[in-house]
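Raw contents of structure.cif, mmCIF, C-alpha atoms, pLDDT in the B column; chains and numbers go by the auth columns:
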data_data
loop_
_atom_site.group_PDB
_atom_site.id
_atom_site.type_symbol
_atom_site.label_atom_id
_atom_site.label_comp_id
_atom_site.label_asym_id
_atom_site.label_seq_id
_atom_site.Cartn_x
_atom_site.Cartn_y
_atom_site.Cartn_z
_atom_site.B_iso_or_equiv
_atom_site.auth_seq_id
_atom_site.auth_asym_id
ATOM 1 C CA MET A 1 94.957 89.957 70.885 64.00 1 Q
ATOM 2 C CA TYR A 2 93.039 87.369 72.899 75.00 2 Q
ATOM 3 C CA ARG A 3 95.573 87.572 75.723 76.00 3 Q
ATOM 4 C CA TRP A 4 95.038 91.316 75.992 81.00 4 Q
ATOM 5 C CA LEU A 5 91.269 90.841 76.114 87.00 5 Q
ATOM 6 C CA ARG A 6 91.670 88.253 78.875 85.00 6 Q
ATOM 7 C CA PHE A 7 94.005 90.618 80.683 89.00 7 Q
ATOM 8 C CA ALA A 8 91.536 93.526 80.407 92.00 8 Q
ATOM 9 C CA GLY A 9 88.683 91.269 81.512 94.00 9 Q
ATOM 10 C CA LEU A 10 90.608 90.083 84.557 95.00 10 Q
ATOM 11 C CA LEU A 11 91.507 93.663 85.468 96.00 11 Q
ATOM 12 C CA LEU A 12 87.789 94.472 85.373 96.00 12 Q
ATOM 13 C CA VAL A 13 87.018 91.426 87.544 96.00 13 Q
ATOM 14 C CA GLY A 14 89.811 92.485 89.904 97.00 14 Q
ATOM 15 C CA TRP A 15 88.469 96.035 90.185 95.00 15 Q
ATOM 16 C CA CYS A 16 84.898 94.866 90.838 95.00 16 Q
ATOM 17 C CA THR A 17 86.131 92.305 93.371 97.00 17 Q
ATOM 18 C CA MET A 18 88.298 94.855 95.163 96.00 18 Q
ATOM 19 C CA THR A 19 85.619 97.533 95.390 96.00 19 Q
ATOM 20 C CA SER A 20 82.860 95.136 96.427 96.00 20 Q
ATOM 21 C CA THR A 21 84.844 93.218 99.069 97.00 21 Q
ATOM 22 C CA HIS A 22 86.328 96.435 100.450 96.00 22 Q
ATOM 23 C CA GLU A 23 82.993 98.204 100.759 96.00 23 Q
ATOM 24 C CA CYS A 24 81.162 95.107 102.008 96.00 24 Q
ATOM 25 C CA GLY A 25 83.896 94.911 104.645 97.00 25 Q
ATOM 26 C CA HIS A 26 82.910 98.399 105.827 96.00 26 Q
ATOM 27 C CA ILE A 27 79.260 97.343 105.896 96.00 27 Q
ATOM 28 C CA ILE A 28 80.023 94.178 107.884 97.00 28 Q
ATOM 29 C CA GLY A 29 82.299 96.082 110.275 97.00 29 Q
ATOM 30 C CA GLY A 30 79.669 98.761 110.820 97.00 30 Q
ATOM 31 C CA TRP A 31 77.008 96.140 111.461 96.00 31 Q
ATOM 32 C CA LEU A 32 79.252 94.279 113.943 97.00 32 Q
ATOM 33 C CA GLY A 33 80.038 97.538 115.733 97.00 33 Q
ATOM 34 C CA GLY A 34 76.385 98.563 116.042 97.00 34 Q
ATOM 35 C CA ALA A 35 76.557 101.394 113.495 95.00 35 Q
ATOM 36 C CA THR A 36 73.417 102.546 111.690 94.00 36 Q
ATOM 37 C CA LEU A 37 73.837 102.445 107.921 94.00 37 Q
ATOM 38 C CA VAL A 38 72.438 105.636 106.399 95.00 38 Q
ATOM 39 C CA GLU A 39 73.600 105.246 102.803 91.00 39 Q
ATOM 40 C CA ALA A 40 75.527 102.682 100.751 90.00 40 Q
ATOM 41 C CA ASP A 41 76.621 102.671 97.142 90.00 41 Q
ATOM 42 C CA LEU A 42 78.378 99.558 95.851 89.00 42 Q
ATOM 43 C CA LEU A 43 78.548 100.429 92.144 87.00 43 Q
ATOM 44 C CA PRO A 44 82.108 99.689 90.970 81.00 44 Q
ATOM 45 C CA TRP A 45 82.435 102.351 88.246 81.00 45 Q
ATOM 46 C CA HIS A 46 83.056 105.048 90.852 80.00 46 Q
ATOM 47 C CA LEU A 47 84.389 104.831 94.377 81.00 47 Q
ATOM 48 C CA PRO A 48 81.759 102.956 96.400 89.00 48 Q
ATOM 49 C CA HIS A 49 80.952 104.324 99.823 89.00 49 Q
ATOM 50 C CA SER A 50 78.881 103.713 102.937 91.00 50 Q
ATOM 51 C CA LEU A 51 77.823 106.265 105.544 90.00 51 Q
ATOM 52 C CA TYR A 52 76.865 105.563 109.142 92.00 52 Q
ATOM 53 C CA GLN A 53 75.176 107.691 111.756 93.00 53 Q
ATOM 54 C CA PRO A 54 75.858 106.952 114.550 95.00 54 Q
ATOM 55 C CA ASP A 55 78.957 104.768 114.369 95.00 55 Q
ATOM 56 C CA PRO A 56 79.922 103.779 117.923 96.00 56 Q
ATOM 57 C CA ILE A 57 83.151 101.992 116.865 97.00 57 Q
ATOM 58 C CA PRO A 58 84.409 103.821 113.768 97.00 58 Q
ATOM 59 C CA LEU A 59 87.798 102.088 113.777 98.00 59 Q
ATOM 60 C CA LEU A 60 86.070 98.718 113.400 98.00 60 Q
ATOM 61 C CA THR A 61 83.955 100.021 110.535 97.00 61 Q
ATOM 62 C CA LEU A 62 86.869 101.722 108.796 97.00 62 Q
ATOM 63 C CA TRP A 63 89.466 98.955 109.181 98.00 63 Q
ATOM 64 C CA SER A 64 87.017 96.216 108.140 98.00 64 Q
ATOM 65 C CA GLY A 65 86.962 97.511 104.555 97.00 65 Q
ATOM 66 C CA PRO A 66 90.656 97.243 103.717 98.00 66 Q
ATOM 67 C CA ILE A 67 91.101 94.094 105.806 98.00 67 Q
ATOM 68 C CA LEU A 68 88.214 92.122 104.316 98.00 68 Q
ATOM 69 C CA GLY A 69 89.078 93.650 100.940 98.00 69 Q
ATOM 70 C CA VAL A 70 92.257 91.552 100.950 98.00 70 Q
ATOM 71 C CA VAL A 71 91.329 88.599 103.203 98.00 71 Q
ATOM 72 C CA VAL A 72 88.290 87.502 101.149 98.00 72 Q
ATOM 73 C CA PRO A 73 90.080 87.407 97.753 98.00 73 Q
ATOM 74 C CA LEU A 74 93.186 85.787 99.279 98.00 74 Q
ATOM 75 C CA GLY A 75 90.994 83.204 101.009 98.00 75 Q
ATOM 76 C CA CYS A 76 89.312 82.380 97.701 98.00 76 Q
ATOM 77 C CA ALA A 77 92.711 82.035 96.005 97.00 77 Q
ATOM 78 C CA LEU A 78 93.949 79.712 98.751 97.00 78 Q
ATOM 79 C CA VAL A 79 90.814 77.552 98.573 98.00 79 Q
ATOM 80 C CA PHE A 80 90.335 77.345 94.796 97.00 80 Q
ATOM 81 C CA ARG A 81 94.035 77.460 93.828 94.00 81 Q
ATOM 82 C CA ARG A 82 93.515 78.793 90.316 93.00 82 Q
ATOM 83 C CA THR A 83 96.066 81.060 88.733 90.00 83 Q
ATOM 84 C CA TRP A 84 93.470 83.569 87.533 93.00 84 Q
ATOM 85 C CA ILE A 85 92.009 83.812 91.058 96.00 85 Q
ATOM 86 C CA TRP A 86 95.507 84.560 92.367 97.00 86 Q
ATOM 87 C CA PHE A 87 95.682 87.326 89.751 97.00 87 Q
ATOM 88 C CA VAL A 88 92.493 88.869 91.169 98.00 88 Q
ATOM 89 C CA ALA A 89 93.629 88.370 94.782 98.00 89 Q
ATOM 90 C CA ASN A 90 97.009 90.001 94.158 98.00 90 Q
ATOM 91 C CA PHE A 91 95.282 92.850 92.324 98.00 91 Q
ATOM 92 C CA CYS A 92 93.094 93.353 95.417 98.00 92 Q
ATOM 93 C CA LEU A 93 96.166 93.366 97.677 98.00 93 Q
ATOM 94 C CA LEU A 94 97.916 95.971 95.538 98.00 94 Q
ATOM 95 C CA ALA A 95 94.791 98.085 94.955 97.00 95 Q
ATOM 96 C CA ASN A 96 93.709 98.171 98.618 98.00 96 Q
ATOM 97 C CA GLY A 97 97.179 99.099 99.795 98.00 97 Q
ATOM 98 C CA SER A 98 97.537 101.731 97.083 97.00 98 Q
ATOM 99 C CA TYR A 99 94.129 103.191 97.919 96.00 99 Q
ATOM 100 C CA ILE A 100 95.020 103.550 101.603 97.00 100 Q
ATOM 101 C CA ALA A 101 98.442 105.020 100.745 97.00 101 Q
ATOM 102 C CA THR A 102 97.110 107.549 98.221 96.00 102 Q
ATOM 103 C CA GLY A 103 94.303 108.469 100.604 94.00 103 Q
ATOM 104 C CA TRP A 104 96.948 109.345 103.157 88.00 104 Q
ATOM 105 C CA LEU A 105 98.865 111.445 100.649 90.00 105 Q
ATOM 106 C CA SER A 106 95.801 113.211 99.240 91.00 106 Q
ATOM 107 C CA GLY A 107 94.296 114.066 102.626 79.00 107 Q
ATOM 108 C CA ASP A 108 90.785 114.031 101.128 89.00 108 Q
ATOM 109 C CA ARG A 109 88.598 113.931 104.235 88.00 109 Q
ATOM 110 C CA PHE A 110 86.086 111.527 102.633 88.00 110 Q
ATOM 111 C CA LEU A 111 88.644 108.785 101.934 93.00 111 Q
ATOM 112 C CA ASP A 112 89.346 105.976 104.394 95.00 112 Q
ATOM 113 C CA THR A 113 92.840 106.990 105.500 96.00 113 Q
ATOM 114 C CA PRO A 114 92.066 110.480 106.828 96.00 114 Q
ATOM 115 C CA ARG A 115 88.951 109.051 108.462 95.00 115 Q
ATOM 116 C CA LEU A 116 91.052 106.298 110.079 97.00 116 Q
ATOM 117 C CA LEU A 117 93.471 108.891 111.425 97.00 117 Q
ATOM 118 C CA ASN A 118 90.616 111.080 112.699 96.00 118 Q
ATOM 119 C CA ALA A 119 89.098 108.052 114.446 97.00 119 Q
ATOM 120 C CA GLY A 120 92.364 107.401 116.287 97.00 120 Q
ATOM 121 C CA ALA A 121 94.155 104.840 114.113 97.00 121 Q
ATOM 122 C CA TRP A 122 97.830 104.615 114.850 97.00 122 Q
ATOM 123 C CA PRO A 123 99.773 105.962 111.807 97.00 123 Q
ATOM 124 C CA LEU A 124 102.274 103.086 112.034 98.00 124 Q
ATOM 125 C CA SER A 125 99.418 100.580 111.652 98.00 125 Q
ATOM 126 C CA ILE A 126 98.426 102.302 108.409 98.00 126 Q
ATOM 127 C CA LEU A 127 102.030 102.343 107.233 97.00 127 Q
ATOM 128 C CA PHE A 128 102.395 98.641 108.081 98.00 128 Q
ATOM 129 C CA TYR A 129 99.170 97.775 106.210 98.00 129 Q
ATOM 130 C CA CYS A 130 100.339 99.725 103.144 98.00 130 Q
ATOM 131 C CA ALA A 131 103.829 98.205 103.181 98.00 131 Q
ATOM 132 C CA VAL A 132 102.548 94.629 103.456 98.00 132 Q
ATOM 133 C CA THR A 133 99.729 94.894 100.923 98.00 133 Q
ATOM 134 C CA ILE A 134 101.645 96.941 98.352 98.00 134 Q
ATOM 135 C CA GLY A 135 104.802 94.869 98.804 97.00 135 Q
ATOM 136 C CA PHE A 136 103.244 91.418 98.495 97.00 136 Q
ATOM 137 C CA GLY A 137 100.582 92.651 96.080 97.00 137 Q
ATOM 138 C CA TYR A 138 103.099 94.168 93.674 98.00 138 Q
ATOM 139 C CA PHE A 139 105.304 91.090 93.403 97.00 139 Q
ATOM 140 C CA GLY A 140 102.369 88.671 93.211 97.00 140 Q
ATOM 141 C CA PHE A 141 100.482 90.794 90.696 97.00 141 Q
ATOM 142 C CA ARG A 142 103.593 91.344 88.567 96.00 142 Q
ATOM 143 C CA SER A 143 104.240 87.599 88.480 95.00 143 Q
ATOM 144 C CA ASN A 144 100.605 86.908 87.571 93.00 144 Q
ATOM 145 C CA CYS A 145 100.693 89.529 84.805 92.00 145 Q
ATOM 146 C CA MET A 146 103.787 87.982 83.271 90.00 146 Q
ATOM 147 C CA GLU A 147 102.237 84.535 83.439 88.00 147 Q
ATOM 148 C CA LEU A 148 98.928 85.711 82.016 84.00 148 Q
ATOM 149 C CA LEU A 149 100.530 87.467 79.084 82.00 149 Q
ATOM 150 C CA THR A 150 102.854 84.570 78.204 82.00 150 Q
ATOM 151 C CA SER A 151 100.829 81.446 79.027 73.00 151 Q
ATOM 152 C CA ILE A 152 98.250 79.855 76.763 58.00 152 Q
ATOM 153 C CA GLU A 153 97.024 77.599 79.583 57.00 153 Q
ATOM 154 C CA PHE A 154 96.453 80.439 82.058 53.00 154 Q
ATOM 155 C CA PHE A 155 92.790 79.681 82.724 53.00 155 Q
ATOM 156 C CA GLN A 156 93.196 75.915 82.697 52.00 156 Q
ATOM 157 C CA SER A 157 95.870 75.897 85.413 49.00 157 Q
ATOM 158 C CA THR A 158 94.727 73.886 88.415 46.00 158 Q
ATOM 159 C CA GLN A 159 98.080 73.891 90.131 50.00 159 Q
ATOM 160 C CA SER A 160 98.922 76.251 92.918 51.00 160 Q
ATOM 161 C CA ILE A 161 101.354 78.997 92.151 52.00 161 Q
ATOM 162 C CA GLU A 162 104.732 77.576 93.050 56.00 162 Q
ATOM 163 C CA PRO A 163 108.067 79.170 92.298 54.00 163 Q
ATOM 164 C CA ARG A 164 109.665 77.585 89.259 56.00 164 Q
ATOM 165 C CA ASP A 165 113.160 76.161 89.392 59.00 165 Q
ATOM 166 C CA PRO A 166 115.314 78.649 87.452 56.00 166 Q
ATOM 167 C CA ASN A 167 117.573 75.747 86.370 62.00 167 Q
ATOM 168 C CA ASP A 168 114.654 73.825 84.823 60.00 168 Q
ATOM 169 C CA VAL A 169 114.729 74.547 81.090 58.00 169 Q
ATOM 170 C CA SER A 170 112.238 71.899 80.083 57.00 170 Q
ATOM 171 C CA THR A 171 108.938 72.836 78.458 53.00 171 Q
ATOM 172 C CA PRO A 172 105.572 71.150 79.021 52.00 172 Q
ATOM 173 C CA SER A 173 106.004 69.268 75.700 50.00 173 Q
ATOM 174 C CA ASP A 174 109.302 67.769 76.962 50.00 174 Q
ATOM 175 C CA SER A 175 107.501 65.758 79.625 49.00 175 Q
ATOM 176 C CA ALA A 176 105.244 63.936 77.144 46.00 176 Q
#
Taking this structure as input, can you express it in the form of structure tokens?
Amino acid sequence: MYRWLRFAGLLLVGWCTMTSTHECGHIIGGWLGGATLVEADLLPWHLPHSLYQPDPIPLLTLWSGPILGVVVPLGCALVFRRTWIWFVANFCLLANGSYIATGWLSGDRFLDTPRLLNAGAWPLSILFYCAVTIGFGYFGFRSNCMELLTSIEFFQSTQSIEPRDPNDVSTPSDSA
């Protein structure tokens, strides 16, 4: 039961991290591009958004969200090297890529992908972003989920995530 509560709690942390870093990325990109922020909503229980008028470099504003939405969590995972932070970072990779991909499929004009295309983004750049983030995010997140749901020491792990030797059948108690 406790493992499932930890899992649910980490999913919530992952969602809040993804939405906040993604939307803050848009805000930072807009600011760097000289856009005027008209409205921003960062609340994670619905899709956060930010509106600019005018936005002289909309591609900078729009791409900054999904890029910083994965770079910031991955940077934290690389610096702090905790398994649970890798869980959150891989969730952000998978969620950002999935959001951009589903936005493309839905065609909803208020989502990032149609706005990227309208601003002149090259469709292959969007496809590349989705393939990389969903691909790496899926395998990393799947691995983290399996580890979280089977490991008692999940939160105490200070080691980096390294592939385990499939021929090593020893358990942690064997090394004592």
Please compute the CA of Phe87 (chain Q)-CA of Ser64 (chain Q) distance, one decimal, in Å.
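Between these atoms lies a distance of 22.2 Å.
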Give me, as a list of chain:residue names, all polymer residues having an atom no more than 10 Å from Ala35 (chain Q), counting all atoms listed in the file and skipping those fewer than 2 positions away in the same chain.
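Within the cut-off, the hits are Q:Ile27, Q:Ile28, Q:Gly29, Q:Gly30, Q:Trp31, Q:Leu32, Q:Gly33, Q:Leu37, Q:Val38, Q:Leu51, Q:Tyr52, Q:Gln53, Q:Pro54, Q:Asp55, Q:Pro56, Q:Ile57, Q:Pro58, Q:Leu60, Q:Thr61.
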Take the residues just selected and output them with C-alpha atoms as an mmCIF file, in the frame of the given file.
data_model
loop_
_atom_site.group_PDB
_atom_site.id
_atom_site.type_symbol
_atom_site.label_atom_id
_atom_site.label_comp_id
_atom_site.auth_asym_id
_atom_site.auth_seq_id
_atom_site.Cartn_x
_atom_site.Cartn_y
_atom_site.Cartn_z
ATOM 1 C CA ILE Q 27 79.260 97.343 105.896
ATOM 2 C CA ILE Q 28 80.023 94.178 107.884
ATOM 3 C CA GLY Q 29 82.299 96.082 110.275
ATOM 4 C CA GLY Q 30 79.669 98.761 110.820
ATOM 5 C CA TRP Q 31 77.008 96.140 111.461
ATOM 6 C CA LEU Q 32 79.252 94.279 113.943
ATOM 7 C CA GLY Q 33 80.038 97.538 115.733
ATOM 8 C CA LEU Q 37 73.837 102.445 107.921
ATOM 9 C CA VAL Q 38 72.438 105.636 106.399
ATOM 10 C CA LEU Q 51 77.823 106.265 105.544
ATOM 11 C CA TYR Q 52 76.865 105.563 109.142
ATOM 12 C CA GLN Q 53 75.176 107.691 111.756
ATOM 13 C CA PRO Q 54 75.858 106.952 114.550
ATOM 14 C CA ASP Q 55 78.957 104.768 114.369
ATOM 15 C CA PRO Q 56 79.922 103.779 117.923
ATOM 16 C CA ILE Q 57 83.151 101.992 116.865
ATOM 17 C CA PRO Q 58 84.409 103.821 113.768
ATOM 18 C CA LEU Q 60 86.070 98.718 113.400
ATOM 19 C CA THR Q 61 83.955 100.021 110.535
#
Given the PyMOL selection byres ((chain Q and resi 89-100) around 7), the residues it picks as a PyMOL selection string
chain Q and resi 14+18+66+69-70+73-74+77+85-88+101-104+112-113+129-130+133-134+137-138+140-141
Counting all atoms listed in the file, the residue of Q:Gly135, Q:Ala121, Q:Thr21, Q:Glu147 that sits nearest Val71 (chain Q)
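Between Q:Gly135, Q:Ala121, Q:Thr21, Q:Glu147, the residue approaching Val71 (chain Q) most closely is Q:Thr21.
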Tell me which protein, DNA and RNA residues are within 9 Å of Pro44 (chain Q), counting only C-alpha atoms, leaving out same-chain ones fewer than 6 positions away, and put them as a PyMOL selection string.
chain Q and resi 15-20
Between CA of Arg109 (chain Q) and CA of Thr36 (chain Q) lies a distance of 20.4 Å
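If you look at CA of Asn118 (chain Q) and CA of Leu42 (chain Q), they are 23.8 Å away from each other.
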Rank Q:Ala40, Q:Ala131, Q:Leu59, Q:Val79 by their smallest atom-to-atom distance to Ala119 (chain Q), using all atoms listed in the file, and report the top residue only.
Q:Leu59
Residue completion, region 110-138 of chain Q, N, CA and C atoms, as a tab-separated table (two decimals), keeping the file's coordinate frame:
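result-v6.tsv, written as the output of this step:
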chain	number	residue	atom	x	y	z
Q	110	PHE	N	87.10	112.55	102.84
Q	110	PHE	CA	86.09	111.53	102.63
Q	110	PHE	C	86.69	110.15	102.37
Q	111	LEU	N	87.99	110.08	102.17
Q	111	LEU	CA	88.64	108.78	101.93
Q	111	LEU	C	88.93	108.09	103.26
Q	112	ASP	N	89.19	106.79	103.18
Q	112	ASP	CA	89.35	105.98	104.39
Q	112	ASP	C	90.50	106.41	105.28
Q	113	THR	N	91.65	106.73	104.69
Q	113	THR	CA	92.84	106.99	105.50
Q	113	THR	C	92.69	108.21	106.41
Q	114	PRO	N	92.27	109.36	105.90
Q	114	PRO	CA	92.07	110.48	106.83
Q	114	PRO	C	90.99	110.18	107.87
Q	115	ARG	N	89.98	109.42	107.50
Q	115	ARG	CA	88.95	109.05	108.46
Q	115	ARG	C	89.51	108.10	109.52
Q	116	LEU	N	90.39	107.18	109.11
Q	116	LEU	CA	91.05	106.30	110.08
Q	116	LEU	C	91.87	107.12	111.07
Q	117	LEU	N	92.64	108.06	110.55
Q	117	LEU	CA	93.47	108.89	111.42
Q	117	LEU	C	92.61	109.73	112.37
Q	118	ASN	N	91.52	110.29	111.86
Q	118	ASN	CA	90.62	111.08	112.70
Q	118	ASN	C	89.93	110.23	113.77
Q	119	ALA	N	89.74	108.94	113.48
Q	119	ALA	CA	89.10	108.05	114.45
Q	119	ALA	C	90.09	107.50	115.47
Q	120	GLY	N	91.38	107.82	115.30
Q	120	GLY	CA	92.36	107.40	116.29
Q	120	GLY	C	93.26	106.26	115.85
Q	121	ALA	N	93.26	105.91	114.57
Q	121	ALA	CA	94.16	104.84	114.11
Q	121	ALA	C	95.60	105.28	114.29
Q	122	TRP	N	96.42	104.36	114.66
Q	122	TRP	CA	97.83	104.62	114.85
Q	122	TRP	C	98.48	104.71	113.47
Q	123	PRO	N	99.17	105.81	113.14
Q	123	PRO	CA	99.77	105.96	111.81
Q	123	PRO	C	100.69	104.81	111.42
Q	124	LEU	N	101.40	104.21	112.38
Q	124	LEU	CA	102.27	103.09	112.03
Q	124	LEU	C	101.47	101.86	111.60
Q	125	SER	N	100.24	101.71	112.09
Q	125	SER	CA	99.42	100.58	111.65
Q	125	SER	C	99.01	100.77	110.19
Q	126	ILE	N	98.76	102.01	109.80
Q	126	ILE	CA	98.43	102.30	108.41
Q	126	ILE	C	99.65	102.08	107.53
Q	127	LEU	N	100.79	102.54	107.98
Q	127	LEU	CA	102.03	102.34	107.23
Q	127	LEU	C	102.34	100.86	107.07
Q	128	PHE	N	102.16	100.08	108.14
Q	128	PHE	CA	102.40	98.64	108.08
Q	128	PHE	C	101.45	97.99	107.08
Q	129	TYR	N	100.16	98.33	107.14
Q	129	TYR	CA	99.17	97.78	106.21
Q	129	TYR	C	99.58	98.08	104.77
Q	130	CYS	N	99.95	99.33	104.50
Q	130	CYS	CA	100.34	99.72	103.14
Q	130	CYS	C	101.59	98.99	102.68
Q	131	ALA	N	102.58	98.87	103.55
Q	131	ALA	CA	103.83	98.20	103.18
Q	131	ALA	C	103.60	96.73	102.86
Q	132	VAL	N	102.80	96.06	103.67
Q	132	VAL	CA	102.55	94.63	103.46
Q	132	VAL	C	101.71	94.40	102.20
Q	133	THR	N	100.61	95.14	102.07
Q	133	THR	CA	99.73	94.89	100.92
Q	133	THR	C	100.36	95.33	99.61
Q	134	ILE	N	101.01	96.48	99.60
Q	134	ILE	CA	101.64	96.94	98.35
Q	134	ILE	C	102.85	96.05	98.03
Q	135	GLY	N	103.63	95.71	99.04
Q	135	GLY	CA	104.80	94.87	98.80
Q	135	GLY	C	104.44	93.50	98.24
Q	136	PHE	N	103.63	92.74	98.97
Q	136	PHE	CA	103.24	91.42	98.50
Q	136	PHE	C	102.36	91.52	97.25
Q	137	GLY	N	101.47	92.49	97.23
Q	137	GLY	CA	100.58	92.65	96.08
Q	137	GLY	C	101.33	92.95	94.80
Q	138	TYR	N	102.33	93.82	94.88
Q	138	TYR	CA	103.10	94.17	93.67
Q	138	TYR	C	103.80	92.94	93.09
